[in-house]
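For reference, my_file-v4.txt (compact mmCIF, C-alpha atoms):
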```txt
# COMPACT_ATOMS: atom_id res chain seq x y z
CA MET N 6 -25.19 -158.79 -72.70
CA ASP N 7 -25.81 -161.60 -75.14
CA THR N 8 -23.88 -162.12 -78.37
CA CYS N 9 -26.32 -159.87 -80.23
CA GLY N 10 -26.02 -156.98 -77.76
CA ASN N 11 -29.33 -157.47 -75.96
CA PRO N 12 -29.31 -157.36 -72.14
CA ALA N 13 -29.48 -160.73 -70.38
CA PRO N 14 -32.30 -160.94 -67.80
CA ALA N 15 -32.16 -162.57 -64.37
CA LEU N 16 -33.18 -166.22 -64.02
CA ASP N 17 -36.89 -166.97 -63.74
CA ASP N 18 -38.02 -169.04 -60.73
CA ALA N 19 -38.31 -172.35 -62.57
CA SER N 20 -34.87 -171.96 -64.12
CA SER N 21 -33.37 -171.03 -60.74
CA GLU N 22 -34.82 -174.20 -59.24
CA TRP N 23 -33.27 -176.31 -62.02
CA ILE N 24 -29.85 -174.71 -61.59
CA CYS N 25 -29.89 -174.97 -57.79
CA ALA N 26 -30.93 -178.62 -57.92
CA LEU N 27 -28.40 -179.56 -60.58
CA ASN N 28 -25.64 -177.79 -58.65
CA GLY N 29 -26.85 -179.37 -55.40
CA THR N 30 -25.90 -182.64 -53.77
CA GLY N 31 -27.41 -185.98 -52.81
CA ALA N 32 -31.02 -186.82 -53.53
CA VAL N 33 -31.86 -183.31 -54.72
CA ARG N 34 -29.24 -183.49 -57.49
CA GLU N 35 -30.02 -187.10 -58.34
CA GLY N 36 -33.71 -186.24 -58.70
CA ALA N 37 -32.95 -183.26 -60.93
CA LEU N 38 -30.65 -185.37 -63.12
CA ALA N 39 -33.34 -188.01 -63.53
CA ARG N 40 -35.99 -185.39 -64.39
CA LEU N 41 -33.67 -183.70 -66.87
CA HIS N 42 -32.77 -186.97 -68.58
CA ALA N 43 -36.42 -187.99 -68.85
CA MET N 44 -37.23 -184.57 -70.33
CA LEU N 45 -34.43 -184.93 -72.88
CA VAL N 46 -35.54 -188.42 -73.90
CA ARG N 47 -39.10 -187.12 -74.39
CA GLY N 48 -37.75 -184.22 -76.42
CA ALA N 49 -35.57 -186.46 -78.59
CA VAL N 50 -38.38 -188.95 -79.28
CA ARG N 51 -40.76 -186.11 -80.16
CA GLU N 52 -38.21 -184.48 -82.45
CA LEU N 53 -37.35 -187.73 -84.24
CA ARG N 54 -41.05 -188.47 -84.74
CA ARG N 55 -41.57 -184.94 -86.07
CA ARG N 56 -38.84 -185.59 -88.65
CA GLU N 57 -39.79 -189.25 -89.22
CA ALA N 58 -41.21 -188.78 -92.71
CA GLY N 59 -37.92 -187.46 -94.05
CA THR N 60 -35.63 -189.89 -92.28
CA TRP N 61 -37.29 -193.34 -92.51
CA ILE N 62 -36.32 -194.01 -88.91
CA SER N 63 -38.96 -195.55 -86.67
CA GLY N 64 -39.62 -198.15 -84.00
CA LEU N 65 -36.70 -199.48 -81.98
CA GLU N 66 -34.18 -197.64 -84.12
CA LEU N 67 -35.90 -194.34 -83.32
CA ASP N 68 -35.97 -195.11 -79.60
CA ASP N 69 -32.29 -196.08 -79.63
CA LEU N 70 -31.31 -192.90 -81.48
CA ALA N 71 -33.43 -190.83 -79.08
CA HIS N 72 -31.66 -192.26 -76.05
CA GLN N 73 -28.26 -191.69 -77.64
CA ALA N 74 -29.20 -188.07 -78.37
CA ALA N 75 -30.55 -187.56 -74.85
CA ASP N 76 -27.43 -189.08 -73.26
CA ASP N 77 -25.08 -186.90 -75.33
CA ALA N 78 -27.22 -183.79 -74.71
CA MET N 79 -27.16 -184.53 -70.98
CA LEU N 80 -23.37 -184.65 -70.95
CA ALA N 81 -23.13 -181.41 -72.92
CA ILE N 82 -25.64 -179.65 -70.66
CA LEU N 83 -23.86 -180.66 -67.46
CA GLY N 84 -20.55 -179.61 -68.97
CA LYS N 85 -21.91 -176.18 -69.85
CA LEU N 86 -24.20 -175.61 -66.89
CA GLY N 87 -21.99 -172.79 -65.67
CA THR N 88 -22.51 -170.89 -68.91
CA PHE N 89 -26.32 -170.70 -68.53
CA ARG N 90 -27.14 -167.03 -67.89
CA GLY N 91 -30.92 -167.04 -68.00
CA GLU N 92 -31.33 -165.44 -71.43
CA SER N 93 -34.06 -168.05 -71.95
CA ARG N 94 -35.89 -170.52 -69.76
CA PHE N 95 -33.59 -173.32 -68.61
CA THR N 96 -35.75 -175.94 -70.29
CA THR N 97 -35.54 -174.12 -73.65
CA TRP N 98 -31.76 -173.92 -73.30
CA ALA N 99 -31.63 -177.64 -72.46
CA TYR N 100 -33.95 -178.68 -75.29
CA ARG N 101 -31.68 -176.85 -77.74
CA PHE N 102 -28.91 -179.35 -76.96
CA VAL N 103 -31.10 -182.34 -77.69
CA VAL N 104 -32.53 -180.86 -80.90
CA LEU N 105 -28.99 -180.22 -82.17
CA GLU N 106 -27.93 -183.73 -81.13
CA VAL N 107 -30.83 -185.17 -83.10
CA SER N 108 -29.75 -183.21 -86.18
CA GLY N 109 -26.18 -184.43 -85.87
CA LYS N 110 -27.20 -188.04 -85.42
CA LEU N 111 -29.59 -187.90 -88.37
CA GLY N 112 -26.73 -186.51 -90.46
CA ARG N 113 -24.54 -189.48 -89.60
CA HIS N 114 -27.44 -191.89 -90.06
CA TYR N 115 -28.04 -190.57 -93.62
CA TRP N 116 -25.02 -192.46 -94.99
CA ARG N 117 -26.44 -195.80 -93.88
CA ARG N 118 -29.16 -195.40 -96.48
CA HIS N 119 -27.43 -193.41 -99.20
CA PRO N 120 -24.30 -194.22 -101.21
CA ALA N 121 -21.22 -192.03 -100.82
CA GLU N 122 -21.38 -191.39 -104.60
CA ARG N 123 -24.04 -188.76 -103.88
CA LEU N 124 -21.14 -186.49 -102.97
CA GLU N 125 -19.65 -186.58 -106.45
CA ALA N 126 -22.39 -187.28 -109.03
CA GLU N 127 -23.43 -184.21 -111.02
CA GLU N 128 -27.07 -184.36 -112.00
CA TRP N 129 -27.23 -181.03 -113.81
CA ALA N 130 -30.45 -181.80 -115.67
CA ARG N 131 -32.28 -181.84 -112.34
CA LEU N 132 -31.19 -178.31 -111.42
CA PRO N 133 -34.57 -176.65 -112.28
CA ASP N 134 -36.38 -179.19 -110.06
CA ARG N 135 -33.86 -178.60 -107.26
CA LEU N 136 -34.55 -174.88 -107.45
CA GLY N 137 -38.28 -175.48 -107.08
CA ALA N 138 -39.09 -174.32 -110.60
CA GLY N 139 -42.33 -175.49 -112.12
CA PRO N 140 -42.57 -177.16 -115.52
CA GLY N 141 -40.94 -175.00 -118.16
CA GLU N 142 -39.80 -175.02 -121.75
CA ASP N 143 -36.93 -177.38 -122.44
CA ALA N 144 -34.94 -174.67 -124.24
CA GLU N 145 -35.26 -172.26 -121.31
CA GLN N 146 -34.24 -174.88 -118.77
CA ALA N 147 -31.32 -176.01 -120.92
CA GLU N 148 -30.08 -172.41 -121.17
CA LEU N 149 -30.33 -171.99 -117.40
CA VAL N 150 -28.45 -175.21 -116.71
CA LYS N 151 -25.73 -174.28 -119.19
CA ALA N 152 -25.32 -170.80 -117.67
CA VAL N 153 -25.15 -172.02 -114.07
CA ARG N 154 -22.76 -174.81 -115.00
CA GLN N 155 -20.47 -172.31 -116.70
CA ALA N 156 -20.65 -170.04 -113.63
CA VAL N 157 -19.77 -172.94 -111.36
CA GLU N 158 -16.82 -173.98 -113.52
CA GLU N 159 -15.45 -170.49 -113.97
CA THR N 160 -15.99 -168.87 -110.58
CA LEU N 161 -16.02 -171.46 -107.79
CA THR N 162 -13.09 -173.03 -106.02
CA GLU N 163 -12.93 -176.84 -106.11
CA HIS N 164 -14.16 -176.91 -102.50
CA GLN N 165 -17.10 -174.62 -103.25
CA ARG N 166 -17.94 -176.60 -106.38
CA ARG N 167 -17.94 -179.90 -104.50
CA LEU N 168 -20.25 -178.56 -101.80
CA PHE N 169 -22.54 -176.80 -104.30
CA VAL N 170 -22.92 -180.04 -106.27
CA ALA N 171 -23.57 -182.11 -103.15
CA VAL N 172 -26.03 -179.70 -101.51
CA VAL N 173 -27.85 -178.23 -104.51
CA LEU N 174 -27.71 -180.86 -107.26
CA ASN N 175 -27.64 -184.02 -105.19
CA GLU N 176 -29.67 -182.78 -102.21
CA VAL N 177 -27.27 -184.17 -99.62
CA PRO N 178 -28.41 -182.74 -96.24
CA LEU N 179 -25.99 -180.26 -94.66
CA ASP N 180 -25.70 -182.35 -91.50
CA ALA N 181 -24.85 -185.43 -93.56
CA LEU N 182 -22.02 -183.47 -95.20
CA VAL N 183 -20.88 -182.31 -91.78
CA ALA N 184 -20.65 -185.94 -90.68
CA ARG N 185 -18.91 -187.10 -93.86
CA LEU N 186 -16.41 -184.25 -94.16
CA GLY N 187 -15.72 -183.78 -90.45
CA THR N 188 -16.51 -180.07 -90.55
CA ASN N 189 -19.35 -177.98 -89.14
CA ARG N 190 -22.65 -176.72 -90.50
CA ASN N 191 -21.55 -173.10 -90.54
CA ALA N 192 -18.49 -173.83 -92.72
CA ILE N 193 -20.58 -175.63 -95.34
CA TYR N 194 -23.35 -173.02 -95.25
CA LYS N 195 -20.79 -170.23 -95.66
CA ALA N 196 -19.14 -171.99 -98.63
CA VAL N 197 -22.50 -172.46 -100.39
CA PHE N 198 -23.53 -168.89 -99.44
CA ASP N 199 -20.37 -167.56 -101.09
CA ALA N 200 -20.93 -169.85 -104.08
CA ARG N 201 -24.44 -168.45 -104.56
CA ARG N 202 -23.05 -164.90 -104.54
CA LYS N 203 -20.34 -165.77 -107.06
CA ILE N 204 -22.77 -167.54 -109.40
CA ARG N 205 -25.17 -164.63 -109.20
CA GLY N 206 -22.36 -162.19 -109.97
CA PHE N 207 -21.34 -164.21 -113.01
CA LEU N 208 -24.92 -164.43 -114.31
CA VAL N 209 -25.45 -160.68 -113.86
CA ALA N 210 -22.10 -159.85 -115.51
CA ASN N 211 -22.95 -162.06 -118.48
CA GLY N 212 -26.48 -160.76 -118.98
CA TYR N 213 -28.41 -163.79 -117.77
CA LEU N 214 -29.80 -161.96 -114.73
CA GLU N 215 -30.30 -158.31 -114.01
CA ASP N 216 -29.50 -157.01 -110.55
CA ARG N 217 -32.54 -157.79 -108.32
CA ARG N 218 -34.58 -158.50 -111.44
CA LEU N 219 -35.40 -161.60 -113.43
CA GLY N 220 -33.41 -162.62 -116.45
CA PRO N 221 -34.75 -164.09 -119.68
CA SER N 222 -38.25 -165.48 -119.31
CA MET A 24 -42.60 -170.10 -111.09
CA SER A 25 -40.28 -169.95 -114.12
CA SER A 26 -36.83 -171.53 -113.96
CA TRP A 27 -35.09 -168.13 -114.02
CA ALA A 28 -37.32 -166.73 -111.27
CA ALA A 29 -36.58 -169.79 -109.14
CA LEU A 30 -32.85 -169.40 -109.79
CA GLU A 31 -32.94 -165.70 -108.95
CA ARG A 32 -34.68 -166.48 -105.66
CA PHE A 33 -32.19 -169.24 -104.82
CA LEU A 34 -29.15 -167.06 -105.53
CA ARG A 35 -30.41 -164.08 -103.53
CA THR A 36 -28.41 -163.72 -100.29
CA ASP A 37 -29.19 -161.47 -97.34
CA PRO A 38 -26.18 -159.57 -95.96
CA ALA A 39 -27.90 -159.53 -92.56
CA ASP A 40 -27.71 -163.35 -92.41
CA VAL A 41 -25.60 -164.20 -89.32
CA GLY A 42 -24.83 -167.78 -90.38
CA CYS A 43 -25.44 -171.10 -88.67
CA GLU A 44 -23.03 -170.72 -85.76
CA GLN A 45 -24.40 -167.47 -84.36
CA ALA A 46 -28.01 -168.44 -85.06
CA MET A 47 -27.66 -171.74 -83.20
CA GLU A 48 -25.82 -170.07 -80.33
CA ILE A 49 -28.80 -167.81 -79.65
CA LEU A 50 -31.58 -170.15 -80.84
CA HIS A 51 -33.00 -170.79 -77.34
CA VAL A 52 -33.36 -167.04 -76.74
CA TYR A 53 -34.97 -166.50 -80.13
CA VAL A 54 -37.39 -169.39 -79.63
CA ASP A 55 -38.52 -168.15 -76.21
CA LEU A 56 -39.22 -164.74 -77.74
CA VAL A 57 -41.21 -166.31 -80.59
CA ALA A 58 -43.13 -168.53 -78.16
CA ALA A 59 -43.99 -165.48 -76.05
CA ASP A 60 -44.84 -163.41 -79.16
CA ARG A 61 -42.23 -160.81 -78.16
CA ASP A 62 -40.94 -159.42 -81.44
CA ALA A 63 -38.09 -161.86 -82.02
CA ILE A 64 -37.57 -160.74 -85.63
CA ARG A 65 -37.04 -157.10 -84.66
CA ARG A 66 -34.64 -157.98 -81.84
CA TYR A 67 -32.66 -160.53 -83.83
CA PRO A 68 -33.03 -159.65 -87.53
CA GLY A 69 -29.84 -161.49 -88.48
CA VAL A 70 -31.13 -164.71 -86.94
CA ALA A 71 -34.49 -164.27 -88.71
CA ALA A 72 -32.66 -163.73 -92.01
CA HIS A 73 -30.63 -166.87 -91.45
CA LEU A 74 -33.61 -169.05 -90.53
CA ALA A 75 -35.36 -167.88 -93.70
CA ALA A 76 -32.41 -169.07 -95.81
CA CYS A 77 -31.00 -172.15 -94.04
CA GLY A 78 -33.19 -175.26 -94.14
CA PRO A 79 -31.38 -177.28 -91.44
CA CYS A 80 -31.27 -174.39 -88.95
CA CYS A 81 -34.93 -173.63 -89.67
CA GLU A 82 -35.71 -177.29 -88.95
CA ASP A 83 -33.92 -176.99 -85.60
CA PHE A 84 -35.88 -173.80 -84.90
CA ARG A 85 -39.17 -175.58 -85.63
CA GLY A 86 -38.17 -178.53 -83.47
CA LEU A 87 -37.19 -176.38 -80.52
CA LEU A 88 -40.31 -174.24 -80.84
CA ALA A 89 -42.47 -177.38 -80.93
CA ALA A 90 -40.69 -178.74 -77.85
CA VAL A 91 -41.19 -175.63 -75.74
CA THR A 92 -44.76 -174.92 -76.82
CA GLU A 93 -45.83 -178.50 -76.15
CA ASP A 94 -43.93 -178.74 -72.87
CA HIS A 95 -44.65 -175.44 -71.12
```
Spell out the structure here as structure tokens.
Amino acid sequence: MDTCGNPAPALDDASSEWICALNGTGAVREGALARLHAMLVRGAVRELRRREAGTWISGLELDDLAHQAADDAMLAILGKLGTFRGESRFTTWAYRFVVLEVSGKLGRHYWRRHPAERLEAEEWARLPDRLGAGPGEDAEQAELVKAVRQAVEETLTEHQRRLFVAVVLNEVPLDALVARLGTNRNAIYKAVFDARRKIRGFLVANGYLEDRRLGPS
Amino acid sequence: MSSWAALERFLRTDPADVGCEQAMEILHVYVDLVAADRDAIRRYPGVAAHLAACGPCCEDFRGLLAAVTEDH
């Protein structure tokens, strides 16, 4: 059974061949390692190019980052080969490692181009833009900013407030925060998830929002 | 969209959301189901809820789906 309670199927033929070769010896194993590494490099380059517009990484820097991601994914895959149970194709399982490596490396790379002050600055006036709201009346937007700011100050812990400000107001990517704070994506997501619930509760309790309905318009 | 409508949408949380850790743990299984058009959302509703709410995990999902659909 997988972690969600669904039955795990037997390995498909292609996945079996990968596992046998990687667990083999001599030229068979060496060939499989070379094929896997080449596949991971291709996957990393493709993923970095797919995200290129948002990262400003290209050329030699992109190739270097791709090889780093592929090398680290390769190590992780070989270390966890015994845990592969065939719930997916082997290649999908392997590609997952390189996609996650790319995300982690882009998170660390973010701080080369952005100042650390982005963690602390509080650009409250930009909140409506950050939420994806269209142009609105100044008075309405000012009321919203004031209400959310009050909710943040009165309901969030200092940790939640810091992460909410960084992620929502300053648009610091989650993976960049992971790299900076030495934590993991789930911990930051959970803190912001809880912050959203607390802010919503405050706004409902104080008449700004109705449960599942819109507030003042 | 008005500012309040945008805020309401942003603050809405789905209790089915399994979080980043569990979603990433099963992402390869979910992606193979999506690629094969085999009802991934019904089998893993908590993962679907998470991917709808978490930008970075959704980006990883898109990247992995692109990798397997272009490669297989």
> Which residue gives the smallest distance to A:Cys80 among N:Tyr100, N:Tyr194, N:Tyr115, N:Phe95, with all atoms listed in the file counted?
Replying inline: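 Looking at the shortest contact to A:Cys80, the residue is N:Tyr194.
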>> Would you mind listing, as number ranges by chain, all residues of chain A that have at least one atom within 8 Å of chain N, where only C-alpha atoms are what counts?
In response: A: 24-31, 33-36, 42-44, 49-52, 54-55, 66-67, 77, 79, 83, 86-87, 90-91
>> Between N:Leu27, N:Phe89, N:Val170, N:Ala71, which residue has the minimum interatomic distance to N:Glu158, considering only C-alpha atoms?
In response: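 When distances to N:Glu158 are compared using only C-alpha atoms, the smallest one comes from N:Val170.
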> Quick one, how far is atom CA of N:Ala43 from atom CA of N:Leu111?
Replying inline: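 Atom CA of N:Leu111 lies at a distance of 20.7 Å from atom CA of N:Ala43.
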Stretch 130-136 of chain N, all listed atoms, 5 Å padding on each side: what axis-aligned box centre and edge lengths in Å to one decimal come out, as AutoDock Vina command-line options?
```
--center_x -33.4 --center_y -178.4 --center_z -111.5 --size_x 15.9 --size_y 17.0 --size_z 18.4
```
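Point (-34.2, -195.3, -94.9) has the following residues at most 8 Å away: Thr60, Trp61, Ile62, Tyr115, Arg117 and Arg118 of chain N (atoms considered: all atoms listed in the file).
Coordinates place atom CA of A:Asp37 at a distance of 9.6 Å from atom CA of A:Ala75.
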> What gap, in Å, lies between atom CA of N:Leu174 and atom CA of N:Phe207?
Replying inline: 18.7 Å
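Proximity to A:Glu48 was assessed for N:Thr88, N:Leu168, N:Trp116, N:Val33 counting all atoms listed in the file; the smallest distance is recorded for N:Thr88.
Of the residues listed (N:Glu159, N:Ala75, N:Leu65, N:Leu86), N:Leu86 shows the shortest atom-to-atom separation from N:Ala26; distances use only C-alpha atoms.
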Could you rebuild stretch 28-56 of chain A with N, CA and C atoms and give it back as a PDB file, keeping the file's coordinate frame?
```pdb
ATOM      1  N   ALA A  28     -36.835-167.346-112.519  1.00  0.00           N
ATOM      2  CA  ALA A  28     -37.320-166.730-111.270  1.00  0.00           C
ATOM      3  C   ALA A  28     -36.897-167.578-110.073  1.00  0.00           C
ATOM      4  N   ALA A  29     -36.980-168.903-110.224  1.00  0.00           N
ATOM      5  CA  ALA A  29     -36.580-169.790-109.140  1.00  0.00           C
ATOM      6  C   ALA A  29     -35.076-169.666-108.868  1.00  0.00           C
ATOM      7  N   LEU A  30     -34.302-169.552-109.947  1.00  0.00           N
ATOM      8  CA  LEU A  30     -32.850-169.400-109.790  1.00  0.00           C
ATOM      9  C   LEU A  30     -32.521-168.080-109.098  1.00  0.00           C
ATOM     10  N   GLU A  31     -33.185-167.024-109.542  1.00  0.00           N
ATOM     11  CA  GLU A  31     -32.940-165.700-108.950  1.00  0.00           C
ATOM     12  C   GLU A  31     -33.234-165.730-107.449  1.00  0.00           C
ATOM     13  N   ARG A  32     -34.321-166.392-107.076  1.00  0.00           N
ATOM     14  CA  ARG A  32     -34.680-166.480-105.660  1.00  0.00           C
ATOM     15  C   ARG A  32     -33.633-167.292-104.893  1.00  0.00           C
ATOM     16  N   PHE A  33     -33.175-168.386-105.491  1.00  0.00           N
ATOM     17  CA  PHE A  33     -32.190-169.240-104.820  1.00  0.00           C
ATOM     18  C   PHE A  33     -30.861-168.512-104.614  1.00  0.00           C
ATOM     19  N   LEU A  34     -30.469-167.713-105.601  1.00  0.00           N
ATOM     20  CA  LEU A  34     -29.150-167.060-105.530  1.00  0.00           C
ATOM     21  C   LEU A  34     -29.154-165.820-104.637  1.00  0.00           C
ATOM     22  N   ARG A  35     -30.335-165.306-104.336  1.00  0.00           N
ATOM     23  CA  ARG A  35     -30.410-164.080-103.530  1.00  0.00           C
ATOM     24  C   ARG A  35     -29.884-164.373-102.125  1.00  0.00           C
ATOM     25  N   THR A  36     -28.961-163.561-101.650  1.00  0.00           N
ATOM     26  CA  THR A  36     -28.410-163.720-100.290  1.00  0.00           C
ATOM     27  C   THR A  36     -28.676-162.447 -99.504  1.00  0.00           C
ATOM     28  N   ASP A  37     -28.888-162.608 -98.206  1.00  0.00           N
ATOM     29  CA  ASP A  37     -29.190-161.470 -97.340  1.00  0.00           C
ATOM     30  C   ASP A  37     -27.936-161.126 -96.537  1.00  0.00           C
ATOM     31  N   PRO A  38     -27.389-159.928 -96.710  1.00  0.00           N
ATOM     32  CA  PRO A  38     -26.180-159.570 -95.960  1.00  0.00           C
ATOM     33  C   PRO A  38     -26.387-159.563 -94.455  1.00  0.00           C
ATOM     34  N   ALA A  39     -27.633-159.509 -94.008  1.00  0.00           N
ATOM     35  CA  ALA A  39     -27.900-159.530 -92.560  1.00  0.00           C
ATOM     36  C   ALA A  39     -27.785-160.933 -91.972  1.00  0.00           C
ATOM     37  N   ASP A  40     -27.770-161.941 -92.829  1.00  0.00           N
ATOM     38  CA  ASP A  40     -27.710-163.350 -92.410  1.00  0.00           C
ATOM     39  C   ASP A  40     -26.494-163.590 -91.515  1.00  0.00           C
ATOM     40  N   VAL A  41     -26.712-164.040 -90.264  1.00  0.00           N
ATOM     41  CA  VAL A  41     -25.600-164.200 -89.320  1.00  0.00           C
ATOM     42  C   VAL A  41     -24.894-165.544 -89.445  1.00  0.00           C
ATOM     43  N   GLY A  42     -25.461-166.465 -90.230  1.00  0.00           N
ATOM     44  CA  GLY A  42     -24.830-167.780 -90.380  1.00  0.00           C
ATOM     45  C   GLY A  42     -25.308-168.762 -89.315  1.00  0.00           C
ATOM     46  N   CYS A  43     -24.943-170.026 -89.535  1.00  0.00           N
ATOM     47  CA  CYS A  43     -25.440-171.100 -88.670  1.00  0.00           C
ATOM     48  C   CYS A  43     -24.918-170.980 -87.227  1.00  0.00           C
ATOM     49  N   GLU A  44     -23.645-170.681 -87.093  1.00  0.00           N
ATOM     50  CA  GLU A  44     -23.030-170.720 -85.760  1.00  0.00           C
ATOM     51  C   GLU A  44     -23.687-169.727 -84.805  1.00  0.00           C
ATOM     52  N   GLN A  45     -23.823-168.488 -85.242  1.00  0.00           N
ATOM     53  CA  GLN A  45     -24.400-167.470 -84.360  1.00  0.00           C
ATOM     54  C   GLN A  45     -25.895-167.714 -84.145  1.00  0.00           C
ATOM     55  N   ALA A  46     -26.574-168.183 -85.194  1.00  0.00           N
ATOM     56  CA  ALA A  46     -28.010-168.440 -85.060  1.00  0.00           C
ATOM     57  C   ALA A  46     -28.273-169.556 -84.051  1.00  0.00           C
ATOM     58  N   MET A  47     -27.458-170.623 -84.128  1.00  0.00           N
ATOM     59  CA  MET A  47     -27.660-171.740 -83.200  1.00  0.00           C
ATOM     60  C   MET A  47     -27.246-171.381 -81.778  1.00  0.00           C
ATOM     61  N   GLU A  48     -26.287-170.480 -81.661  1.00  0.00           N
ATOM     62  CA  GLU A  48     -25.820-170.070 -80.330  1.00  0.00           C
ATOM     63  C   GLU A  48     -26.923-169.344 -79.561  1.00  0.00           C
ATOM     64  N   ILE A  49     -27.776-168.638 -80.290  1.00  0.00           N
ATOM     65  CA  ILE A  49     -28.800-167.810 -79.650  1.00  0.00           C
ATOM     66  C   ILE A  49     -30.204-168.393 -79.858  1.00  0.00           C
ATOM     67  N   LEU A  50     -30.284-169.597 -80.436  1.00  0.00           N
ATOM     68  CA  LEU A  50     -31.580-170.150 -80.840  1.00  0.00           C
ATOM     69  C   LEU A  50     -32.570-170.244 -79.678  1.00  0.00           C
ATOM     70  N   HIS A  51     -32.096-170.636 -78.500  1.00  0.00           N
ATOM     71  CA  HIS A  51     -33.000-170.790 -77.340  1.00  0.00           C
ATOM     72  C   HIS A  51     -33.624-169.449 -76.953  1.00  0.00           C
ATOM     73  N   VAL A  52     -32.836-168.379 -77.071  1.00  0.00           N
ATOM     74  CA  VAL A  52     -33.360-167.040 -76.740  1.00  0.00           C
ATOM     75  C   VAL A  52     -34.404-166.640 -77.774  1.00  0.00           C
ATOM     76  N   TYR A  53     -34.080-166.862 -79.026  1.00  0.00           N
ATOM     77  CA  TYR A  53     -34.970-166.500 -80.130  1.00  0.00           C
ATOM     78  C   TYR A  53     -36.290-167.269 -80.020  1.00  0.00           C
ATOM     79  N   VAL A  54     -36.182-168.562 -79.718  1.00  0.00           N
ATOM     80  CA  VAL A  54     -37.390-169.390 -79.630  1.00  0.00           C
ATOM     81  C   VAL A  54     -38.283-168.953 -78.468  1.00  0.00           C
ATOM     82  N   ASP A  55     -37.689-168.622 -77.329  1.00  0.00           N
ATOM     83  CA  ASP A  55     -38.520-168.150 -76.210  1.00  0.00           C
ATOM     84  C   ASP A  55     -39.246-166.860 -76.570  1.00  0.00           C
ATOM     85  N   LEU A  56     -38.567-165.989 -77.319  1.00  0.00           N
ATOM     86  CA  LEU A  56     -39.220-164.740 -77.740  1.00  0.00           C
ATOM     87  C   LEU A  56     -40.369-165.028 -78.707  1.00  0.00           C
TER      88      LEU A  56
END
```
